[in-house]
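Trainee: Structure: final.tsv, TSV, C-alpha atoms.
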```
chain	number	residue	atom	x	y	z
P	1	LYS	CA	0.00	0.00	0.00
P	2	GLU	CA	1.45	3.36	-1.04
P	3	ILE	CA	0.60	6.68	0.56
P	4	ARG	CA	1.03	9.24	-2.18
P	5	GLU	CA	1.09	13.03	-2.28
P	6	SER	CA	-2.55	13.03	-3.40
P	7	ASP	CA	-3.47	11.03	-0.26
P	8	LEU	CA	-1.83	13.63	1.98
P	9	ARG	CA	-3.67	16.40	0.15
P	10	ALA	CA	-7.00	14.57	0.51
P	11	GLN	CA	-6.38	14.02	4.22
P	12	LEU	CA	-5.54	17.70	4.72
P	13	ASN	CA	-8.77	18.72	2.98
P	14	ARG	CA	-10.78	16.57	5.40
P	15	LEU	CA	-9.34	18.36	8.43
P	16	ASP	CA	-10.69	21.44	10.17
P	17	PRO	CA	-8.81	24.72	9.48
P	18	SER	CA	-6.75	24.74	12.69
P	19	PRO	CA	-5.19	21.24	12.45
P	20	ARG	CA	-4.93	21.65	8.68
P	21	SER	CA	-2.74	24.73	9.19
P	22	LYS	CA	-0.59	22.84	11.73
P	23	TYR	CA	-0.02	19.90	9.41
P	24	ARG	CA	0.86	22.14	6.47
P	25	ARG	CA	3.87	23.21	8.55
P	26	ASN	CA	4.63	19.67	9.80
P	27	ARG	CA	3.74	17.27	7.01
P	28	MET	CA	5.84	14.43	8.47
P	29	ALA	CA	3.54	14.38	11.51
P	30	LEU	CA	0.57	13.93	9.18
P	31	LEU	CA	2.38	11.19	7.26
P	32	ASN	CA	3.20	9.38	10.52
P	33	GLU	CA	-0.46	9.47	11.56
P	34	MET	CA	-1.56	8.14	8.17
P	35	VAL	CA	0.99	5.31	8.35
P	36	GLU	CA	-0.27	4.43	11.84
P	37	GLU	CA	-3.88	4.40	10.64
P	38	GLU	CA	-2.96	2.22	7.65
P	39	LEU	CA	-1.20	-0.31	9.90
P	40	LEU	CA	-4.20	-0.51	12.22
P	41	TYR	CA	-6.60	-0.79	9.26
P	42	GLN	CA	-4.60	-3.63	7.69
P	43	HIS	CA	-4.49	-5.35	11.10
P	44	ALA	CA	-8.29	-5.11	11.27
P	45	LEU	CA	-8.61	-6.72	7.84
P	46	GLU	CA	-6.23	-9.54	8.85
P	47	ARG	CA	-8.47	-10.23	11.84
P	48	ASN	CA	-11.57	-10.25	9.58
P	49	LEU	CA	-13.20	-7.52	11.66
P	50	PRO	CA	-15.37	-6.31	8.74
P	51	ASP	CA	-17.31	-9.59	8.95
P	52	THR	CA	-18.09	-9.34	12.66
P	53	PRO	CA	-21.64	-8.44	13.82
P	54	GLU	CA	-20.34	-5.37	15.69
P	55	ALA	CA	-18.61	-4.00	12.60
P	56	LYS	CA	-21.65	-4.60	10.39
P	57	LYS	CA	-23.86	-2.82	12.92
P	58	ARG	CA	-21.52	0.16	12.99
P	59	PHE	CA	-21.28	0.24	9.18
P	60	ALA	CA	-25.07	0.42	8.93
P	61	ARG	CA	-25.24	3.14	11.56
P	62	ALA	CA	-22.55	5.18	9.78
P	63	GLU	CA	-24.42	4.91	6.47
P	64	GLN	CA	-27.55	6.17	8.20
P	65	ASP	CA	-25.65	9.10	9.75
P	66	LEU	CA	-24.20	10.08	6.36
P	67	ALA	CA	-27.62	9.92	4.69
P	68	ILE	CA	-29.18	11.96	7.52
P	69	GLU	CA	-26.46	14.61	7.20
P	70	ARG	CA	-27.07	14.73	3.45
P	71	LEU	CA	-30.80	15.25	4.07
P	72	LYS	CA	-30.06	18.13	6.40
P	73	GLN	CA	-27.82	19.81	3.84
P	74	LEU	CA	-30.25	19.36	0.93
P	75	GLU	CA	-33.60	19.86	2.63
P	76	ILE	CA	-33.30	21.56	6.00
P	77	TYR	CA	-30.27	23.85	5.84
P	78	ALA	CA	-30.42	24.82	2.17
P	79	ALA	CA	-32.37	28.03	2.82
P	80	VAL	CA	-30.18	29.20	5.74
P	81	THR	CA	-28.22	32.35	4.90
P	82	VAL	CA	-26.31	34.91	6.96
P	83	THR	CA	-26.19	38.52	5.77
P	84	THR	CA	-23.43	41.06	6.32
P	85	GLU	CA	-25.96	43.20	8.22
P	86	GLU	CA	-26.57	40.34	10.67
P	87	ILE	CA	-22.83	39.89	11.16
P	88	GLU	CA	-22.32	43.60	11.87
P	89	GLN	CA	-25.29	43.69	14.27
P	90	ARG	CA	-23.96	40.69	16.24
P	91	TYR	CA	-20.45	42.18	16.19
P	92	ARG	CA	-21.67	45.37	17.86
P	93	ALA	CA	-23.68	43.38	20.42
P	94	GLU	CA	-20.73	41.11	21.27
P	95	LEU	CA	-18.38	44.07	21.53
P	96	ALA	CA	-20.70	45.68	24.09
P	97	ARG	CA	-20.71	42.66	26.44
P	98	PRO	CA	-18.89	43.69	29.64
P	99	GLU	CA	-17.63	40.16	30.34
P	100	GLY	CA	-15.99	39.93	26.93
P	101	SER	CA	-16.80	37.68	24.01
P	102	SER	CA	-15.09	34.64	22.51
P	103	LEU	CA	-16.43	35.67	19.11
P	104	VAL	CA	-14.75	39.07	19.06
P	105	LYS	CA	-11.01	38.55	19.00
P	106	SER	CA	-8.09	40.61	17.85
P	107	VAL	CA	-5.19	38.94	16.08
P	108	PHE	CA	-1.68	40.21	16.85
P	109	TYR	CA	1.38	39.16	14.91
P	110	VAL	CA	4.50	39.52	17.05
P	111	CYS	CA	7.69	39.47	15.01
P	112	ARG	CA	11.31	39.49	16.12
P	113	LEU	CA	13.37	41.66	13.82
P	114	PRO	CA	17.17	41.80	13.43
P	115	ASP	CA	18.96	44.05	15.92
P	116	GLN	CA	20.11	46.23	13.04
P	117	LEU	CA	17.07	47.36	11.09
P	118	ALA	CA	18.29	47.62	7.52
P	119	PRO	CA	16.59	50.35	5.44
P	120	ASN	CA	15.49	47.85	2.79
P	121	LEU	CA	13.72	45.79	5.49
P	122	LEU	CA	11.83	48.82	6.79
P	123	ASN	CA	10.98	49.82	3.24
P	124	GLY	CA	9.69	46.30	2.51
P	125	ILE	CA	7.45	46.38	5.58
P	126	GLN	CA	6.14	49.85	4.79
P	127	ARG	CA	5.48	48.90	1.15
P	128	GLY	CA	3.54	45.80	2.22
P	129	VAL	CA	1.44	47.85	4.66
P	130	GLU	CA	0.66	50.43	1.99
P	131	GLU	CA	-0.40	47.68	-0.41
P	132	GLY	CA	-2.77	46.30	2.22
P	133	LEU	CA	-1.09	42.87	2.38
P	134	SER	CA	-1.77	40.57	5.33
P	135	PHE	CA	1.10	40.68	7.79
P	136	PRO	CA	2.02	36.99	7.35
P	137	LYS	CA	2.46	37.83	3.67
P	138	ILE	CA	4.64	40.85	4.54
P	139	ALA	CA	6.67	38.73	6.96
P	140	SER	CA	7.13	35.98	4.37
P	141	GLN	CA	8.28	38.41	1.66
P	142	ASN	CA	10.83	39.97	4.00
P	143	SER	CA	12.06	36.75	5.70
P	144	ILE	CA	10.72	37.77	9.10
P	145	ALA	CA	9.82	35.14	11.69
P	146	CYS	CA	6.47	35.87	13.30
P	147	GLU	CA	3.92	34.32	15.64
P	148	ALA	CA	0.16	34.94	15.78
P	149	PHE	CA	-1.73	35.55	19.02
P	150	GLU	CA	-5.44	36.03	19.62
P	151	PHE	CA	-7.07	37.99	22.44
P	152	ASP	CA	-10.76	38.30	23.08
P	153	SER	CA	-12.04	41.72	24.11
P	154	ALA	CA	-11.75	41.01	27.84
P	155	ALA	CA	-8.25	39.53	27.60
P	156	PHE	CA	-7.07	42.47	25.51
P	157	SER	CA	-8.35	44.91	28.12
P	158	ALA	CA	-6.29	43.05	30.73
P	159	LEU	CA	-3.01	43.57	28.85
P	160	PRO	CA	-0.52	46.09	30.25
P	161	GLU	CA	-1.25	49.63	29.11
P	162	GLU	CA	2.10	49.86	27.33
P	163	MET	CA	1.34	46.83	25.17
P	164	ARG	CA	-2.19	47.99	24.42
P	165	SER	CA	-0.93	51.42	23.42
P	166	LEU	CA	1.73	49.85	21.24
P	167	ALA	CA	-0.66	47.44	19.55
P	168	LEU	CA	-3.23	50.13	18.90
P	169	GLY	CA	-0.71	52.71	17.74
P	170	MET	CA	0.11	53.90	14.24
P	171	ASP	CA	-3.30	53.90	12.53
P	172	ASN	CA	-4.39	50.80	14.47
P	173	ARG	CA	-2.33	48.58	12.21
P	174	THR	CA	1.38	48.76	12.96
P	175	GLY	CA	3.71	49.83	15.72
P	176	PHE	CA	7.35	49.61	16.84
P	177	ASN	CA	8.37	49.02	20.43
P	178	PRO	CA	9.47	52.47	21.64
P	179	ARG	CA	12.10	50.97	23.95
P	180	GLY	CA	14.07	49.61	21.04
P	181	SER	CA	13.40	45.90	21.57
P	182	PRO	CA	13.49	44.18	18.18
P	183	LEU	CA	9.79	43.41	18.10
P	184	PHE	CA	7.22	44.36	15.52
P	185	PHE	CA	3.48	44.33	16.26
P	186	PHE	CA	0.61	44.26	13.84
P	187	LYS	CA	-3.04	44.30	14.81
P	188	ASP	CA	-5.38	42.77	12.28
P	189	ALA	CA	-8.23	45.27	11.92
P	190	GLU	CA	-11.70	43.79	12.45
P	191	ARG	CA	-12.88	44.52	8.92
P	192	LEU	CA	-16.35	43.12	8.31
P	193	ASP	CA	-15.72	42.62	4.63
P	194	ALA	CA	-18.29	40.62	2.66
P	195	GLU	CA	-15.70	39.62	0.04
P	196	ARG	CA	-12.87	38.68	2.40
P	197	LEU	CA	-14.09	38.20	5.94
P	198	SER	CA	-11.77	38.80	8.85
P	199	PRO	CA	-11.35	35.91	11.34
P	200	CYS	CA	-13.63	37.76	13.75
P	201	ALA	CA	-16.43	38.17	11.21
P	202	ARG	CA	-16.05	34.55	10.08
P	203	ARG	CA	-16.49	33.35	13.67
P	204	ILE	CA	-19.63	35.45	14.01
P	205	ARG	CA	-20.98	34.19	10.68
P	206	ALA	CA	-20.39	30.59	11.81
P	207	ALA	CA	-22.16	31.22	15.13
P	208	ILE	CA	-25.21	32.82	13.50
P	209	GLY	CA	-25.33	30.07	10.88
P	210	SER	CA	-25.22	27.38	13.56
P	211	GLU	CA	-28.08	29.03	15.46
P	212	LYS	CA	-30.19	29.31	12.29
P	213	ARG	CA	-29.52	25.69	11.32
P	214	SER	CA	-30.53	24.50	14.78
P	215	LEU	CA	-33.77	26.48	14.54
P	216	ALA	CA	-34.48	25.14	11.03
P	217	LEU	CA	-33.92	21.57	12.24
P	218	ARG	CA	-36.23	22.02	15.23
P	219	GLU	CA	-38.97	23.44	13.00
P	220	TRP	CA	-38.57	20.60	10.47
P	221	LEU	CA	-38.74	17.94	13.19
P	222	SER	CA	-41.77	19.60	14.78
P	223	SER	CA	-43.54	19.48	11.43
P	224	GLN	CA	-42.60	15.82	10.93
P	225	ARG	CA	-43.75	14.87	14.41
P	226	ALA	CA	-47.13	16.47	13.79
P	227	GLY	CA	-47.77	14.06	10.90
P	228	SER	CA	-46.21	10.91	12.40
P	229	LYS	CA	-47.29	8.15	14.76
P	230	ILE	CA	-44.79	8.00	17.62
P	231	ARG	CA	-45.13	5.76	20.66
P	232	PRO	CA	-42.38	6.01	23.29
P	233	TYR	CA	-42.06	3.34	26.01
P	234	GLU	CA	-40.08	5.00	28.76
P	235	LYS	CA	-40.22	2.00	31.12
P	236	ALA	CA	-38.15	0.00	28.62
P	237	LEU	CA	-35.19	2.21	29.56
P	238	ASP	CA	-35.36	1.14	33.22
P	239	ASP	CA	-32.91	-1.64	32.31
P	240	ILE	CA	-30.54	-0.41	29.62
P	241	SER	CA	-28.92	-3.86	29.41
P	242	LYS	CA	-32.03	-5.38	27.76
P	243	THR	CA	-30.97	-4.20	24.33
P	244	ASP	CA	-33.66	-6.12	22.40
P	245	ALA	CA	-36.60	-4.57	24.28
P	246	VAL	CA	-38.74	-2.16	22.24
P	247	ALA	CA	-38.20	1.42	23.45
P	248	ALA	CA	-40.34	3.27	20.87
P	249	GLU	CA	-42.29	2.93	17.63
P	250	VAL	CA	-42.03	5.52	14.86
P	251	ASN	CA	-44.48	5.15	11.98
P	252	GLY	CA	-44.58	1.39	12.56
P	253	VAL	CA	-40.78	0.99	12.89
P	254	SER	CA	-39.57	-0.34	16.25
P	255	LEU	CA	-36.59	1.17	18.03
P	256	THR	CA	-34.93	-1.11	20.56
P	257	VAL	CA	-33.16	-0.15	23.77
P	258	GLY	CA	-29.95	-0.97	21.90
P	259	ASP	CA	-30.84	1.57	19.21
P	260	VAL	CA	-31.38	4.22	21.87
P	261	ALA	CA	-28.21	3.23	23.77
P	262	VAL	CA	-26.10	4.16	20.73
P	263	LEU	CA	-26.77	7.79	21.66
P	264	LEU	CA	-24.79	7.19	24.88
P	265	GLU	CA	-21.61	6.07	23.12
P	266	GLY	CA	-18.58	8.26	23.68
P	267	LEU	CA	-20.08	10.01	26.72
P	268	SER	CA	-18.47	10.15	30.14
P	269	VAL	CA	-20.00	8.18	33.01
P	270	GLU	CA	-21.60	11.35	34.41
P	271	GLU	CA	-23.00	12.38	31.02
P	272	ARG	CA	-24.44	8.89	30.50
P	273	ARG	CA	-26.05	8.98	33.93
P	274	LYS	CA	-27.72	12.31	33.22
P	275	LYS	CA	-29.00	11.17	29.82
P	276	VAL	CA	-30.44	7.91	31.14
P	277	ALA	CA	-32.06	9.76	34.05
P	278	ASN	CA	-34.06	11.86	31.60
P	279	LYS	CA	-35.77	9.05	29.67
P	280	LYS	CA	-38.26	11.33	27.95
P	281	ALA	CA	-35.55	13.54	26.44
P	282	LEU	CA	-33.46	10.52	25.45
P	283	LEU	CA	-36.38	8.90	23.63
P	284	HIS	CA	-37.23	12.23	22.01
P	285	GLU	CA	-33.69	12.41	20.61
P	286	ALA	CA	-33.84	8.81	19.38
P	287	THR	CA	-37.23	9.24	17.68
P	288	ASP	CA	-36.08	12.51	16.08
P	289	ARG	CA	-33.17	10.63	14.55
P	290	GLU	CA	-35.49	7.91	13.26
P	291	LEU	CA	-37.72	10.52	11.60
P	292	LEU	CA	-34.66	11.88	9.83
P	293	ARG	CA	-33.54	8.40	8.81
P	294	GLN	CA	-36.97	7.50	7.41
P	295	GLU	CA	-37.08	10.66	5.31
P	296	ALA	CA	-33.51	10.09	4.09
P	297	TRP	CA	-34.42	6.53	3.08
P	298	ARG	CA	-37.64	7.71	1.42
P	299	ARG	CA	-35.46	9.94	-0.76
P	300	ASN	CA	-32.93	7.13	-1.37
P	301	LEU	CA	-30.15	9.34	-0.02
P	302	GLN	CA	-28.18	6.28	1.12
P	303	LYS	CA	-27.49	5.84	-2.62
P	304	ASP	CA	-26.55	9.48	-3.16
P	305	GLU	CA	-23.09	9.85	-4.69
P	306	ALA	CA	-21.98	12.25	-1.96
P	307	VAL	CA	-22.94	9.67	0.68
P	308	LYS	CA	-21.36	6.74	-1.14
P	309	GLY	CA	-18.16	8.71	-1.58
P	310	LYS	CA	-17.76	9.06	2.21
P	311	VAL	CA	-18.50	5.41	3.08
P	312	PRO	CA	-14.91	4.09	2.54
P	313	THR	CA	-13.46	6.71	4.91
P	314	GLU	CA	-16.07	5.88	7.55
P	315	THR	CA	-15.41	2.16	7.11
P	316	ARG	CA	-11.70	2.67	7.78
P	317	ARG	CA	-12.42	4.84	10.82
P	318	ILE	CA	-14.76	2.25	12.31
P	319	LEU	CA	-12.34	-0.64	11.80
P	320	VAL	CA	-9.45	1.33	13.35
P	321	GLU	CA	-11.68	2.17	16.34
P	322	LEU	CA	-12.63	-1.49	16.76
P	323	VAL	CA	-8.99	-2.58	16.72
P	324	LEU	CA	-8.08	0.03	19.33
P	325	THR	CA	-11.10	-0.83	21.49
P	326	GLN	CA	-10.20	-4.51	21.50
P	327	GLU	CA	-6.42	-4.34	21.77
P	328	VAL	CA	-5.56	-1.15	23.66
P	329	ALA	CA	-5.69	-1.59	27.43
P	330	GLY	CA	-5.13	0.66	30.43
P	331	VAL	CA	-7.12	2.53	33.05
P	332	THR	CA	-5.46	5.93	32.74
P	333	PRO	CA	-5.04	7.97	29.53
P	334	ALA	CA	-1.25	7.63	29.83
P	335	ALA	CA	-1.50	3.83	30.12
P	336	ARG	CA	-3.82	3.63	27.11
P	337	GLU	CA	-1.53	5.86	25.06
P	338	LYS	CA	1.44	3.62	25.89
P	339	SER	CA	-0.57	0.53	25.00
P	340	ARG	CA	-1.53	2.09	21.69
P	341	ALA	CA	2.06	3.09	20.94
P	342	ASP	CA	3.25	-0.45	21.74
P	343	LEU	CA	0.62	-1.92	19.41
P	344	VAL	CA	1.59	0.40	16.54
P	345	ALA	CA	5.30	-0.26	17.13
P	346	ALA	CA	4.71	-4.02	17.00
P	347	LEU	CA	2.69	-3.69	13.79
P	348	GLU	CA	5.33	-1.46	12.20
P	349	LYS	CA	8.08	-3.90	13.16
P	350	ALA	CA	6.16	-6.78	11.57
P	351	ALA	CA	5.41	-4.82	8.42
P	352	SER	CA	7.66	-3.33	5.77
P	353	VAL	CA	7.31	0.44	6.21
P	354	LYS	CA	9.36	2.92	4.20
P	355	LYS	CA	8.92	6.65	4.69
P	356	PHE	CA	10.41	8.98	2.10
P	357	ALA	CA	10.81	12.04	4.30
P	358	GLN	CA	12.66	14.00	1.65
P	359	ASN	CA	9.73	13.72	-0.75
P	360	VAL	CA	7.38	15.02	1.93
P	361	LYS	CA	9.63	17.98	2.73
P	362	LYS	CA	9.78	18.96	-0.94
P	363	MET	CA	6.07	18.58	-1.41
P	364	TYR	CA	4.24	21.86	-2.05
P	365	ILE	CA	0.76	22.12	-0.59
P	366	PRO	CA	-0.97	25.36	-1.58
P	367	PRO	CA	-3.09	26.86	1.19
P	368	SER	CA	-6.84	26.52	0.92
P	369	LYS	CA	-8.99	29.63	0.42
P	370	GLU	CA	-10.10	29.34	4.04
P	371	ILE	CA	-6.54	29.33	5.37
P	372	GLU	CA	-5.58	32.24	3.13
P	373	ASP	CA	-8.46	34.24	4.62
P	374	ILE	CA	-7.05	33.68	8.11
P	375	PHE	CA	-3.29	33.60	7.68
P	376	GLY	CA	-2.66	35.08	4.23
P	377	SER	CA	-0.94	33.19	1.45
P	378	GLY	CA	2.58	33.48	2.88
P	379	THR	CA	4.39	30.83	4.91
P	380	ILE	CA	4.88	31.64	8.58
```
Could you show the structure in this file as structure tokens?
Mentor:
Amino acid sequence: KEIRESDLRAQLNRLDPSPRSKYRRNRMALLNEMVEEELLYQHALERNLPDTPEAKKRFARAEQDLAIERLKQLEIYAAVTVTTEEIEQRYRAELARPEGSSLVKSVFYVCRLPDQLAPNLLNGIQRGVEEGLSFPKIASQNSIACEAFEFDSAAFSALPEEMRSLALGMDNRTGFNPRGSPLFFFKDAERLDAERLSPCARRIRAAIGSEKRSLALREWLSSQRAGSKIRPYEKALDDISKTDAVAAEVNGVSLTVGDVAVLLEGLSVEERRKKVANKKALLHEATDRELLRQEAWRRNLQKDEAVKGKVPTETRRILVELVLTQEVAGVTPAAREKSRADLVAALEKAASVKKFAQNVKKMYIPPSKEIEDIFGSGTI
């Protein structure tokens, strides 16, 4: 099995922006993780885990989840939009909160300059500022090392007055340390630009979008419930171990206690206890999911190309999880991590693994549009 450049690119595209940015700077770490996953996946195939009842049950559940998510995107969330006016209104409201807001953050790039500030370096910085380039781009063009820091409005207010004055000096964009320390500060202005949103405005857009999608989903489910026959049997949840007992009926389809118990997977002991204690809410969540599944199946979304395209990735994830669940032991996180590392080391020793680090280092991965919006197109 070869892991090619295209595989690394595909894996990067599946990640969220923050880890994606990290791995663009440390591609060997990403390669190591992909090699580890491949070893565990091959080990699962050698043990014939895909043919086990547990794996088949998880495969079916994953297919349902993918089809449900596709239904949400096509039917429920399609009409959700966020306007620039809504972003600006929320921005002003968040800015006015006395306790501060995690949505309103200022980005500061702190750069260490050479002790002797050459005129061409200062000219390069000034030229980049005048052209309106992002500071990471300016830093990259002038071979300046820089780090990015974020402060929410409350944390920024708590900074020493000297630093706040420095960061807010010189037209709110640039400033030099007056004491001569070779530091350069740049404050990313909170521009609510519809074409190129600042990180702050993008966070606000995401928050408003999430709220609107949640409301749209609740309204859709309420409408579906009004036209459906739903019979919950709360007493069935008195003994969660009786997985074959019927816990609810939705339009003639029976949900077992085992079906409902899937909603408890991955929760802490305390979270599980709270969920089980509120049987009505737990059954409501389970029957909501079944309404979504029935509608997705009515539309044949399990056969949708977008759904089918994600099935192989989900299959690999499930098999790797099963291997780790069955073969990684330990009570504490540290013990489990050591057990996992020992398992991977044993698999790597038994296999023939060759990593071409030089190829990875030479590999060029252009930043995605989303990363460019946050960090600029330069390399930090």
Trainee: Quick one: of P:Asp342, P:Glu36, P:Glu5, P:Glu86, who's nearest to P:Gly209, counting only C-alpha atoms?
Mentor: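 Among the listed residues, P:Glu86 lies closest to P:Gly209.
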Trainee: Quick one: distance from atom CA of P:Glu69 to atom CA of P:Leu301 in Å, one decimal?
Mentor: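 Between atom CA of P:Glu69 and atom CA of P:Leu301 the gap works out to 9.7 Å.
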Trainee: Between P:Leu217, P:Leu324, P:Met28, P:Ala207, which one has atoms that come closest to P:Glu337, using all atoms listed in the file?
Mentor: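 With all atoms listed in the file as the atom set, the closest residue is P:Leu324.
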Trainee: Contacts of stretch 270-284 of chain P at 7 Å or less, counting only C-alpha atoms, minus same-chain residues fewer than 6 places along, as a JSON list (two decimals) with C-alpha atoms, in the frame of the given file?
Mentor:
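Listing of selection12.json after writing:
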```json
[["chain", "number", "residue", "atom", "x", "y", "z"],
["P", 232, "PRO", "CA", -42.38, 6.01, 23.29],
["P", 234, "GLU", "CA", -40.08, 5.00, 28.76],
["P", 237, "LEU", "CA", -35.19, 2.21, 29.56],
["P", 264, "LEU", "CA", -24.79, 7.19, 24.88]]
```
Trainee: Between P:Ala67, P:Leu12, P:Ala79, P:Leu39, which one has atoms that come closest to P:Lys308, using only C-alpha atoms?
Mentor: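 Among the listed residues, P:Ala67 lies closest to P:Lys308.
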Trainee: Measure the distance from atom CA of P:Lys57 to atom CA of P:Thr315 in Å and round it to one decimal.
Mentor: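 Between atom CA of P:Lys57 and atom CA of P:Thr315 the gap works out to 11.4 Å.
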Trainee: Any idea what the distance is between atom CA of P:Val250 and atom CA of P:Glu290?
Mentor: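 Atom-to-atom, atom CA of P:Val250 and atom CA of P:Glu290 are spaced 7.1 Å apart.
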Trainee: Restricting the calculation to all atoms listed in the file, which member of P:Tyr77, P:Tyr91, P:Tyr233, P:Trp297 is positioned closest to P:Ser214?
Mentor: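 Closest residue, counting all atoms listed in the file: P:Tyr77.
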Trainee: Which is closer to P:Ala93 than all the others in P:Leu30, P:Leu40, P:Gln224, P:Ile204, using all atoms listed in the file?
Mentor: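 So, comparing all the options, the nearest one is P:Ile204.
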Trainee: Might you pull out every residue within 9 Å of P:Ile230, with only C-alpha atoms counted and same-chain residues fewer than 2 positions away left off, and present them as a PDB file with C-alpha atoms, in the frame of the given file?
Mentor:
```
ATOM      1  CA  ARG P 225     -43.750  14.870  14.410  1.00  0.00           C
ATOM      2  CA  SER P 228     -46.210  10.910  12.400  1.00  0.00           C
ATOM      3  CA  PRO P 232     -42.380   6.010  23.290  1.00  0.00           C
ATOM      4  CA  ALA P 248     -40.340   3.270  20.870  1.00  0.00           C
ATOM      5  CA  GLU P 249     -42.290   2.930  17.630  1.00  0.00           C
ATOM      6  CA  VAL P 250     -42.030   5.520  14.860  1.00  0.00           C
ATOM      7  CA  ASN P 251     -44.480   5.150  11.980  1.00  0.00           C
ATOM      8  CA  GLY P 252     -44.580   1.390  12.560  1.00  0.00           C
ATOM      9  CA  THR P 287     -37.230   9.240  17.680  1.00  0.00           C
TER      10      THR P 287
END
```
Trainee: Can you pull out every residue within 12 Å of P:Gln326, counting all atoms listed in the file, but drop anything in the same chain fewer than 5 positions away, and send it as a count of residues only?
Mentor: 13
Trainee: Which polymer residues have any atom within 12 Å of an atom of stretch 59-64 of chain P, counting all atoms listed in the file, with same-chain residues fewer than 4 positions away left out, as a count of residues only?
Mentor: 43
Trainee: Calculated over only C-alpha atoms, which of the candidates P:Pro98, P:Thr256, P:Leu221, P:Ala346 has the smallest distance to P:Glu285?
Mentor: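 Using only C-alpha atoms, P:Glu285 sits closest to P:Leu221.
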Trainee: Could you list, as a VMD selection string, every residue within 12 Å of P:Arg213, counting all atoms listed in the file and ignoring same-chain residues fewer than 2 positions away?
Mentor: chain P and resid 72 to 73 75 to 82 206 to 211 215 to 220
Trainee: Around the point (-33.8, 2.2, 25.6) in the file's coordinates, collect all residues with an atom within 7 Å, using only C-alpha atoms, and return them as a ChimeraX atom specification.
Mentor: /P:236-237,240,247,256-258,260-261
Trainee: Using only C-alpha atoms, what residues lie at most 12 Å away from (10.1, 1.7, 4.5) (file coordinates), given as a list in words?
Mentor: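 Residues with an atom close enough to that point: Lys1, Glu2, Ile3, Asn32, Val35, Glu348, Lys349, Ala350, Ala351, Ser352, Val353, Lys354, Lys355, Phe356 and Ala357 of chain P.
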